[in-house]
Amino acid sequence: MTADLAPLWLTLKLAAVVTALLLVIGTPLAWWLARTRSRLAPAVEAVTAMPLVLPPTVLGFYLLLAFNPTAPLGAFWVSLTGQTLTFSFAGLVLASLLYSLPFTVQPLQSAFTTLGRAPMEAAASLGAGPLDAFATVAAPLAVRGYLTAAVLTFAHTLGEFGVVLMVGGNIPGQTRVISIAIYEEVETLDYASAHLLSGILLALSFLILLALYVLNGRDRRRE
Amino acid sequence: MTDLNLNIRSQHPGFTLEIDRMIPLSGVTAIFGPSGAGKSTLLRIIAGFERGAGRVAVGDEVWEDGRRFVPPHRRRVASVFQQPRLFPHLDVRGNLAYAARRARPPGAVEAMIERFGLAPLAARRPATLSGGEAQRVALARALLTAPRLILMDEPLSALDQVRRQEILPFIEELRDDAQVPILYVTHSTAEVARLSGQMLTLAAGRVTGLGPTAEILATTGIAAGEGTEPGSLLTATVDGMTGDGLCELAFPGGTILTPEPLGRPGATVRLFIRAREVMIARDRPEGISALNILPAAVESLAPAGPASTDVVLRCGAARLRARITRRSAEALGLAPGVVCHAIVKSVALAQE
């Protein structure tokens, strides 16, 4: 039985790593998108939102080409780490960063936009520099945006299938995430194992979303 | 005392703010003018929230010119806005501590809580405060940054009359005790008269007047736009009470009686008389209910709108401003030097 749960742990690890990285990467991007008057902004926004509409296999196909050890990115990675990006955990993380990007950026961007400029100006007038003001005022006030972003990113990465299939394959302990495992179990008519993993994923997704809505609802009532 | 040096030009929808002036900073400088005159924009430029307008310097410290730009948090300029802008995730003490921690030297939070009477509110969140309470916290918070200049953008306009009367004494105290110069944007001549020693008037992005408040209110043409109320500011001494309960006030132009006791005998008070509350008669009127009839002479006349005329009157050593219709001015044959009588219908507040 323990061996059967390996894909679950791998998936949780992938989702946790991707969520943590995306919150860090997504913050400055979302902040910029919420504040900028640059004419580039719509283009950047469109690129960020692409994974929402693009079939995961299309994204996976291009990533597979980019990750190839003969392509610049893939070659760079090999020279850096001695390992290939394709069919590796690092490759999955990189692919998931792109795939789940909009689920981080959009809630953060809307939280920062709602904030307006008033709190940051108030903080500046009290002597707080931009980073200080962000950490002590903007981030705490955007906490609900962060919560939404984290939950959506985590949950979305959990269910990733198409991109993984294209760039990760199915290597146990490396790239065999839960959705791939279920697919394979169904292919081999091992319905019992498929039931177990599917049930866990179903329950997990429900619990995560339930937690989000309970927290949001409590905040709303408090205000 | 330092000077604020402005040489700015900033384009906005509807107006272009263009100011090249040196403004001495001491006490409260009221910035007055109709909506869209550029008052708030001026404050935003001074605070550093808008850049690229030109040159802004205080004393010999340049905050902004073509090459340099001192960011807002390094200017030691505190802003008090129309909305208190307290941090909702911190309680009142947390809001004050936020400012105190970043001041050099760090501010004394507890002393400020004491001074502004905030002890009962200290543990409360901003969302639970009334508008007046929140603005009091905002004032205390601004003061805790040990600012060299405080900007106030209509800090009382979101409050009702009762709350305003609660906050005004704190602003007066700030002006008198803290020795921090204040630039105070307002629409209210009552606030101008009560708080400010100096006044800057703006219209359509340009300076139309700068000088002592009493002088500007009495003599220069305050644009009669929306929300402005021309009038005269007078300093008077309370002489005492009459037997029938009237308060007798002596000012350089004579004596004024008011039904309200405006102060103890001997106290110096500042009076504001709205231009609309002053009538003019060539001969001393008889059989009239008005108590205050002052001998005067016309000093100047200026058109004020399509059908009105503003008349500046000399009453002894004081000036009084009257707003009458152009038809009346012509019927009375008013011209500089003409001797007449000013009938003051009512006198308003502005005590110190």
# chains A, B, ... in the order shown; residues from 1 in each chain; ligands from 1

$ select_by_dssp --residues "region 154-321 of chain B" --states "alpha helix (DSSP H)" --output "PyMOL selection string"
chain B and resi 161-177+189-195+213-219

$ write_last_selection --atoms "N, CA and C atoms" --output "PDB file, in the first residue's frame"
ATOM      1  N   GLN B 161     -20.544  69.167  11.730  1.00  0.00           N
ATOM      2  CA  GLN B 161     -20.172  70.382  12.449  1.00  0.00           C
ATOM      3  C   GLN B 161     -19.686  70.089  13.873  1.00  0.00           C
ATOM      4  N   VAL B 162     -20.380  69.163  14.546  1.00  0.00           N
ATOM      5  CA  VAL B 162     -20.029  68.860  15.936  1.00  0.00           C
ATOM      6  C   VAL B 162     -18.633  68.250  16.015  1.00  0.00           C
ATOM      7  N   ARG B 163     -18.366  67.302  15.110  1.00  0.00           N
ATOM      8  CA  ARG B 163     -17.048  66.643  15.107  1.00  0.00           C
ATOM      9  C   ARG B 163     -15.951  67.651  14.770  1.00  0.00           C
ATOM     10  N   ARG B 164     -16.259  68.567  13.859  1.00  0.00           N
ATOM     11  CA  ARG B 164     -15.263  69.581  13.508  1.00  0.00           C
ATOM     12  C   ARG B 164     -14.836  70.369  14.727  1.00  0.00           C
ATOM     13  N   GLN B 165     -15.821  70.740  15.522  1.00  0.00           N
ATOM     14  CA  GLN B 165     -15.508  71.534  16.713  1.00  0.00           C
ATOM     15  C   GLN B 165     -14.672  70.731  17.692  1.00  0.00           C
ATOM     16  N   GLU B 166     -14.771  69.388  17.619  1.00  0.00           N
ATOM     17  CA  GLU B 166     -13.941  68.546  18.484  1.00  0.00           C
ATOM     18  C   GLU B 166     -12.488  68.503  18.007  1.00  0.00           C
ATOM     19  N   ILE B 167     -12.317  68.529  16.693  1.00  0.00           N
ATOM     20  CA  ILE B 167     -10.968  68.357  16.142  1.00  0.00           C
ATOM     21  C   ILE B 167     -10.201  69.680  16.093  1.00  0.00           C
ATOM     22  N   LEU B 168     -10.910  70.771  15.811  1.00  0.00           N
ATOM     23  CA  LEU B 168     -10.236  72.062  15.637  1.00  0.00           C
ATOM     24  C   LEU B 168      -9.266  72.417  16.767  1.00  0.00           C
ATOM     25  N   PRO B 169      -9.673  72.229  18.042  1.00  0.00           N
ATOM     26  CA  PRO B 169      -8.722  72.584  19.113  1.00  0.00           C
ATOM     27  C   PRO B 169      -7.411  71.805  19.027  1.00  0.00           C
ATOM     28  N   PHE B 170      -7.474  70.562  18.530  1.00  0.00           N
ATOM     29  CA  PHE B 170      -6.239  69.773  18.414  1.00  0.00           C
ATOM     30  C   PHE B 170      -5.339  70.358  17.329  1.00  0.00           C
ATOM     31  N   ILE B 171      -5.948  70.810  16.242  1.00  0.00           N
ATOM     32  CA  ILE B 171      -5.140  71.421  15.181  1.00  0.00           C
ATOM     33  C   ILE B 171      -4.533  72.726  15.685  1.00  0.00           C
ATOM     34  N   GLU B 172      -5.325  73.479  16.454  1.00  0.00           N
ATOM     35  CA  GLU B 172      -4.805  74.724  17.021  1.00  0.00           C
ATOM     36  C   GLU B 172      -3.642  74.455  17.968  1.00  0.00           C
ATOM     37  N   GLU B 173      -3.799  73.392  18.755  1.00  0.00           N
ATOM     38  CA  GLU B 173      -2.747  73.056  19.705  1.00  0.00           C
ATOM     39  C   GLU B 173      -1.479  72.668  18.959  1.00  0.00           C
ATOM     40  N   LEU B 174      -1.694  71.897  17.890  1.00  0.00           N
ATOM     41  CA  LEU B 174      -0.570  71.483  17.060  1.00  0.00           C
ATOM     42  C   LEU B 174       0.179  72.696  16.516  1.00  0.00           C
ATOM     43  N   ARG B 175      -0.602  73.657  16.060  1.00  0.00           N
ATOM     44  CA  ARG B 175      -0.028  74.876  15.494  1.00  0.00           C
ATOM     45  C   ARG B 175       0.746  75.650  16.570  1.00  0.00           C
ATOM     46  N   ASP B 176       0.150  75.747  17.761  1.00  0.00           N
ATOM     47  CA  ASP B 176       0.728  76.615  18.793  1.00  0.00           C
ATOM     48  C   ASP B 176       1.878  75.960  19.540  1.00  0.00           C
ATOM     49  N   ASP B 177       1.768  74.645  19.787  1.00  0.00           N
ATOM     50  CA  ASP B 177       2.774  73.998  20.637  1.00  0.00           C
ATOM     51  C   ASP B 177       3.877  73.312  19.853  1.00  0.00           C
ATOM     52  N   THR B 189     -14.033  79.278   4.808  1.00  0.00           N
ATOM     53  CA  THR B 189     -13.446  80.520   5.304  1.00  0.00           C
ATOM     54  C   THR B 189     -13.433  80.532   6.823  1.00  0.00           C
ATOM     55  N   ALA B 190     -14.372  79.812   7.459  1.00  0.00           N
ATOM     56  CA  ALA B 190     -14.375  79.753   8.925  1.00  0.00           C
ATOM     57  C   ALA B 190     -13.072  79.125   9.409  1.00  0.00           C
ATOM     58  N   GLU B 191     -12.647  78.026   8.744  1.00  0.00           N
ATOM     59  CA  GLU B 191     -11.392  77.385   9.131  1.00  0.00           C
ATOM     60  C   GLU B 191     -10.201  78.285   8.818  1.00  0.00           C
ATOM     61  N   VAL B 192     -10.250  78.938   7.661  1.00  0.00           N
ATOM     62  CA  VAL B 192      -9.173  79.860   7.293  1.00  0.00           C
ATOM     63  C   VAL B 192      -9.008  80.913   8.378  1.00  0.00           C
ATOM     64  N   ALA B 193     -10.151  81.527   8.761  1.00  0.00           N
ATOM     65  CA  ALA B 193     -10.114  82.629   9.716  1.00  0.00           C
ATOM     66  C   ALA B 193      -9.622  82.155  11.073  1.00  0.00           C
ATOM     67  N   ARG B 194     -10.063  80.968  11.458  1.00  0.00           N
ATOM     68  CA  ARG B 194      -9.746  80.512  12.805  1.00  0.00           C
ATOM     69  C   ARG B 194      -8.313  80.013  12.926  1.00  0.00           C
ATOM     70  N   LEU B 195      -7.822  79.351  11.883  1.00  0.00           N
ATOM     71  CA  LEU B 195      -6.547  78.648  12.025  1.00  0.00           C
ATOM     72  C   LEU B 195      -5.344  79.379  11.461  1.00  0.00           C
ATOM     73  N   THR B 213      -3.435  86.385   6.459  1.00  0.00           N
ATOM     74  CA  THR B 213      -4.819  85.996   6.221  1.00  0.00           C
ATOM     75  C   THR B 213      -5.778  87.188   6.301  1.00  0.00           C
ATOM     76  N   ALA B 214      -5.615  88.002   7.344  1.00  0.00           N
ATOM     77  CA  ALA B 214      -6.550  89.117   7.516  1.00  0.00           C
ATOM     78  C   ALA B 214      -6.523  90.029   6.297  1.00  0.00           C
ATOM     79  N   GLU B 215      -5.318  90.279   5.810  1.00  0.00           N
ATOM     80  CA  GLU B 215      -5.176  91.163   4.665  1.00  0.00           C
ATOM     81  C   GLU B 215      -5.796  90.566   3.410  1.00  0.00           C
ATOM     82  N   ILE B 216      -5.490  89.268   3.176  1.00  0.00           N
ATOM     83  CA  ILE B 216      -6.002  88.620   1.968  1.00  0.00           C
ATOM     84  C   ILE B 216      -7.527  88.561   2.001  1.00  0.00           C
ATOM     85  N   LEU B 217      -8.070  88.178   3.156  1.00  0.00           N
ATOM     86  CA  LEU B 217      -9.526  88.070   3.246  1.00  0.00           C
ATOM     87  C   LEU B 217     -10.181  89.425   3.046  1.00  0.00           C
ATOM     88  N   ALA B 218      -9.557  90.473   3.555  1.00  0.00           N
ATOM     89  CA  ALA B 218     -10.207  91.781   3.520  1.00  0.00           C
ATOM     90  C   ALA B 218      -9.999  92.502   2.204  1.00  0.00           C
ATOM     91  N   THR B 219      -8.825  92.376   1.621  1.00  0.00           N
ATOM     92  CA  THR B 219      -8.515  93.291   0.523  1.00  0.00           C
ATOM     93  C   THR B 219      -8.383  92.668  -0.848  1.00  0.00           C
TER      94      THR B 219
END

$ closest_atom_pairs --of "chain B" --to "chain A" --cutoff "9 Å" --atoms "only C-alpha atoms" --output "tab-separated table"
residue	atom	partner	partner_atom	distance
B:Ala47	CA	A:Ser125	CA	7.6
B:Phe49	CA	A:Glu121	CA	7.3
B:Pro71	CA	A:Gly129	CA	8.3
B:Pro72	CA	A:Ala124	CA	5.8
B:His73	CA	A:Gly127	CA	4.2
B:Arg74	CA	A:Gly127	CA	6.4
B:Arg75	CA	A:Gly127	CA	8.1
B:Arg76	CA	A:Gly127	CA	6.8
B:Val77	CA	A:Ser125	CA	6.2
B:Ala78	CA	A:Ser125	CA	5.1
B:Ser79	CA	A:Ser125	CA	5.9
B:Val80	CA	A:Ala122	CA	8.5
B:Phe81	CA	A:Ala122	CA	8.8
B:Arg85	CA	A:Ala122	CA	6.5
B:Leu86	CA	A:Ala122	CA	7.9
B:Phe87	CA	A:Pro119	CA	7.1
B:Pro88	CA	A:Leu141	CA	7.9
B:His89	CA	A:Leu141	CA	6.8
B:Tyr98	CA	A:Leu126	CA	7.7
B:Ala99	CA	A:Leu126	CA	5.2
B:Ala100	CA	A:Leu126	CA	8.5
B:Arg102	CA	A:Gly127	CA	5.7
B:Ala103	CA	A:Gly127	CA	7.0
B:Ala127	CA	A:Glu223	CA	7.9
B:Arg141	CA	A:Leu126	CA	8.0
B:Ala142	CA	A:Leu126	CA	6.9
B:Leu144	CA	A:Leu126	CA	8.5
B:Thr145	CA	A:Leu126	CA	6.0
B:Pro147	CA	A:Leu126	CA	8.9

$ residues_around --residues "Leu332 (chain B)" --least-positions-apart "5" --cutoff "12 Å" --atoms "only C-alpha atoms" --output "ChimeraX atom specification"
/B:279-283,298,324-327,338-341

$ write_last_selection --atoms "C-alpha atoms" --output "short mmCIF file (atom, residue, chain, number, x, y, z; two decimals), in the first residue's frame"
data_model
loop_
_atom_site.label_atom_id
_atom_site.label_comp_id
_atom_site.auth_asym_id
_atom_site.auth_seq_id
_atom_site.Cartn_x
_atom_site.Cartn_y
_atom_site.Cartn_z
CA MET B 279 -24.96 96.29 4.03
CA ILE B 280 -24.06 99.80 2.95
CA ALA B 281 -26.06 103.01 3.51
CA ARG B 282 -25.09 106.51 2.39
CA ASP B 283 -26.84 108.19 5.33
CA VAL B 298 -15.29 103.30 0.35
CA ILE B 324 -23.82 94.06 -2.70
CA THR B 325 -25.55 94.06 -6.06
CA ARG B 326 -24.11 96.15 -8.84
CA ARG B 327 -27.45 97.92 -9.10
CA VAL B 338 -17.38 108.13 -0.72
CA VAL B 339 -18.42 108.36 2.92
CA CYS B 340 -21.06 105.88 4.04
CA HIS B 341 -22.15 103.55 6.80
#

$ atom_distance --atom1 "CA of Arg218 (chain A)" --atom2 "CA of Ile25 (chain A)"
28.3 Å

$ closest_residue --among "A:Leu97, A:Met166, A:Ala192, A:Leu212" --to "Pro55 (chain A)" --atoms "only C-alpha atoms"
A:Met166

$ closest_residue --among "A:Leu131, A:Val18, A:Met50, A:Ile171" --to "Leu158 (chain A)" --atoms "only C-alpha atoms"
A:Val18

$ select_by_dssp --residues "region 75-213 of chain B" --states "strand (DSSP E or B)" --output "PyMOL selection string"
chain B and resi 77-80+149-153+182-186+198-203+206-212

$ write_last_selection --atoms "N, CA and C atoms" --output "mmCIF file, in the first residue's frame"
data_model
loop_
_atom_site.group_PDB
_atom_site.id
_atom_site.type_symbol
_atom_site.label_atom_id
_atom_site.label_comp_id
_atom_site.auth_asym_id
_atom_site.auth_seq_id
_atom_site.Cartn_x
_atom_site.Cartn_y
_atom_site.Cartn_z
ATOM 1 N N VAL B 77 7.768 64.826 5.705
ATOM 2 C CA VAL B 77 6.534 65.587 5.537
ATOM 3 C C VAL B 77 5.395 64.665 5.922
ATOM 4 N N ALA B 78 4.606 65.061 6.905
ATOM 5 C CA ALA B 78 3.465 64.233 7.301
ATOM 6 C C ALA B 78 2.230 64.731 6.576
ATOM 7 N N SER B 79 1.376 63.816 6.138
ATOM 8 C CA SER B 79 0.147 64.202 5.452
ATOM 9 C C SER B 79 -1.059 63.754 6.254
ATOM 10 N N VAL B 80 -2.014 64.653 6.399
ATOM 11 C CA VAL B 80 -3.310 64.280 6.967
ATOM 12 C C VAL B 80 -4.336 64.517 5.876
ATOM 13 N N LEU B 149 7.218 69.458 8.320
ATOM 14 C CA LEU B 149 6.105 70.136 7.654
ATOM 15 C C LEU B 149 4.911 69.187 7.682
ATOM 16 N N ILE B 150 3.736 69.719 7.981
ATOM 17 C CA ILE B 150 2.534 68.883 7.945
ATOM 18 C C ILE B 150 1.613 69.407 6.848
ATOM 19 N N LEU B 151 1.147 68.500 6.000
ATOM 20 C CA LEU B 151 0.203 68.853 4.946
ATOM 21 C C LEU B 151 -1.170 68.348 5.353
ATOM 22 N N MET B 152 -2.160 69.208 5.305
ATOM 23 C CA MET B 152 -3.518 68.768 5.633
ATOM 24 C C MET B 152 -4.425 69.088 4.458
ATOM 25 N N ASP B 153 -5.058 68.051 3.931
ATOM 26 C CA ASP B 153 -5.932 68.220 2.776
ATOM 27 C C ASP B 153 -7.380 68.081 3.220
ATOM 28 N N ILE B 182 2.309 74.196 8.993
ATOM 29 C CA ILE B 182 1.221 73.395 8.420
ATOM 30 C C ILE B 182 0.719 74.075 7.147
ATOM 31 N N LEU B 183 0.595 73.303 6.079
ATOM 32 C CA LEU B 183 -0.113 73.783 4.887
ATOM 33 C C LEU B 183 -1.494 73.151 4.928
ATOM 34 N N TYR B 184 -2.515 73.978 4.875
ATOM 35 C CA TYR B 184 -3.863 73.521 5.191
ATOM 36 C C TYR B 184 -4.808 73.851 4.049
ATOM 37 N N VAL B 185 -5.168 72.834 3.275
ATOM 38 C CA VAL B 185 -6.109 73.047 2.173
ATOM 39 C C VAL B 185 -7.526 73.015 2.709
ATOM 40 N N THR B 186 -8.307 74.016 2.373
ATOM 41 C CA THR B 186 -9.692 74.022 2.845
ATOM 42 C C THR B 186 -10.589 74.813 1.906
ATOM 43 N N GLN B 198 -1.478 82.926 7.619
ATOM 44 C CA GLN B 198 -1.041 83.252 6.277
ATOM 45 C C GLN B 198 -1.927 82.500 5.294
ATOM 46 N N MET B 199 -2.056 83.032 4.126
ATOM 47 C CA MET B 199 -3.020 82.459 3.199
ATOM 48 C C MET B 199 -2.482 82.497 1.772
ATOM 49 N N LEU B 200 -2.677 81.390 1.082
ATOM 50 C CA LEU B 200 -2.309 81.305 -0.331
ATOM 51 C C LEU B 200 -3.599 81.013 -1.087
ATOM 52 N N THR B 201 -3.946 81.870 -2.032
ATOM 53 C CA THR B 201 -5.166 81.598 -2.789
ATOM 54 C C THR B 201 -4.792 81.156 -4.199
ATOM 55 N N LEU B 202 -5.515 80.140 -4.658
ATOM 56 C CA LEU B 202 -5.274 79.578 -5.984
ATOM 57 C C LEU B 202 -6.549 79.673 -6.802
ATOM 58 N N ALA B 203 -6.384 79.910 -8.085
ATOM 59 C CA ALA B 203 -7.512 79.806 -9.007
ATOM 60 C C ALA B 203 -6.966 79.295 -10.322
ATOM 61 N N ARG B 206 -3.218 78.798 -10.649
ATOM 62 C CA ARG B 206 -2.281 79.908 -10.446
ATOM 63 C C ARG B 206 -2.502 80.562 -9.095
ATOM 64 N N VAL B 207 -1.412 81.140 -8.580
ATOM 65 C CA VAL B 207 -1.514 81.857 -7.314
ATOM 66 C C VAL B 207 -2.179 83.199 -7.567
ATOM 67 N N THR B 208 -3.253 83.457 -6.803
ATOM 68 C CA THR B 208 -3.911 84.754 -6.946
ATOM 69 C C THR B 208 -3.661 85.643 -5.732
ATOM 70 N N GLY B 209 -3.121 85.070 -4.678
ATOM 71 C CA GLY B 209 -2.822 85.892 -3.508
ATOM 72 C C GLY B 209 -1.969 85.129 -2.516
ATOM 73 N N LEU B 210 -1.077 85.852 -1.842
ATOM 74 C CA LEU B 210 -0.265 85.238 -0.796
ATOM 75 C C LEU B 210 0.068 86.328 0.214
ATOM 76 N N GLY B 211 -0.277 86.097 1.473
ATOM 77 C CA GLY B 211 0.002 87.112 2.476
ATOM 78 C C GLY B 211 -0.725 86.809 3.764
ATOM 79 N N PRO B 212 -0.667 87.744 4.715
ATOM 80 C CA PRO B 212 -1.365 87.546 5.980
ATOM 81 C C PRO B 212 -2.856 87.332 5.742
#

$ residues_around --residues "Gly38 (chain B)" --least-positions-apart "6" --cutoff "8 Å" --atoms "only C-alpha atoms" --output "ChimeraX atom specification"
/B:15-17,202-205

$ residues_around --residues "Leu54 (chain A)" --least-positions-apart "5" --cutoff "12 Å" --atoms "only C-alpha atoms" --output "list in words"
Ala46, Val47, Thr48, Ala49, Leu59, Gly60, Phe61, Tyr62, Leu98, Tyr99, Ser100, Pro102, Gly162 and Val163 of chain A

$ write_last_selection --atoms "C-alpha atoms" --output "PDB file, in the first residue's frame"
ATOM      1  CA  ALA A  46      -2.028  38.351 -22.005  1.00  0.00           C
ATOM      2  CA  VAL A  47       1.121  36.232 -21.803  1.00  0.00           C
ATOM      3  CA  THR A  48       0.532  35.647 -18.093  1.00  0.00           C
ATOM      4  CA  ALA A  49      -3.045  34.516 -18.740  1.00  0.00           C
ATOM      5  CA  LEU A  59       2.272  24.320 -23.538  1.00  0.00           C
ATOM      6  CA  GLY A  60       3.897  20.948 -22.793  1.00  0.00           C
ATOM      7  CA  PHE A  61       4.969  20.538 -26.399  1.00  0.00           C
ATOM      8  CA  TYR A  62       6.793  23.865 -26.481  1.00  0.00           C
ATOM      9  CA  LEU A  98       4.342  28.632 -16.115  1.00  0.00           C
ATOM     10  CA  TYR A  99       1.229  26.485 -16.078  1.00  0.00           C
ATOM     11  CA  SER A 100      -0.005  27.807 -12.704  1.00  0.00           C
ATOM     12  CA  PRO A 102      -2.145  32.998 -13.775  1.00  0.00           C
ATOM     13  CA  GLY A 162      -1.170  17.265 -19.811  1.00  0.00           C
ATOM     14  CA  VAL A 163       1.987  19.275 -19.251  1.00  0.00           C
TER      15      VAL A 163
END

$ residues_around --residues "Gly168 (chain A)" --least-positions-apart "4" --cutoff "12 Å" --atoms "only C-alpha atoms" --output "NGL selection string"
:A and (57 or 60-61 or 63-64 or 67-68 or 84-96 or 160-164 or 172-177 or 180)
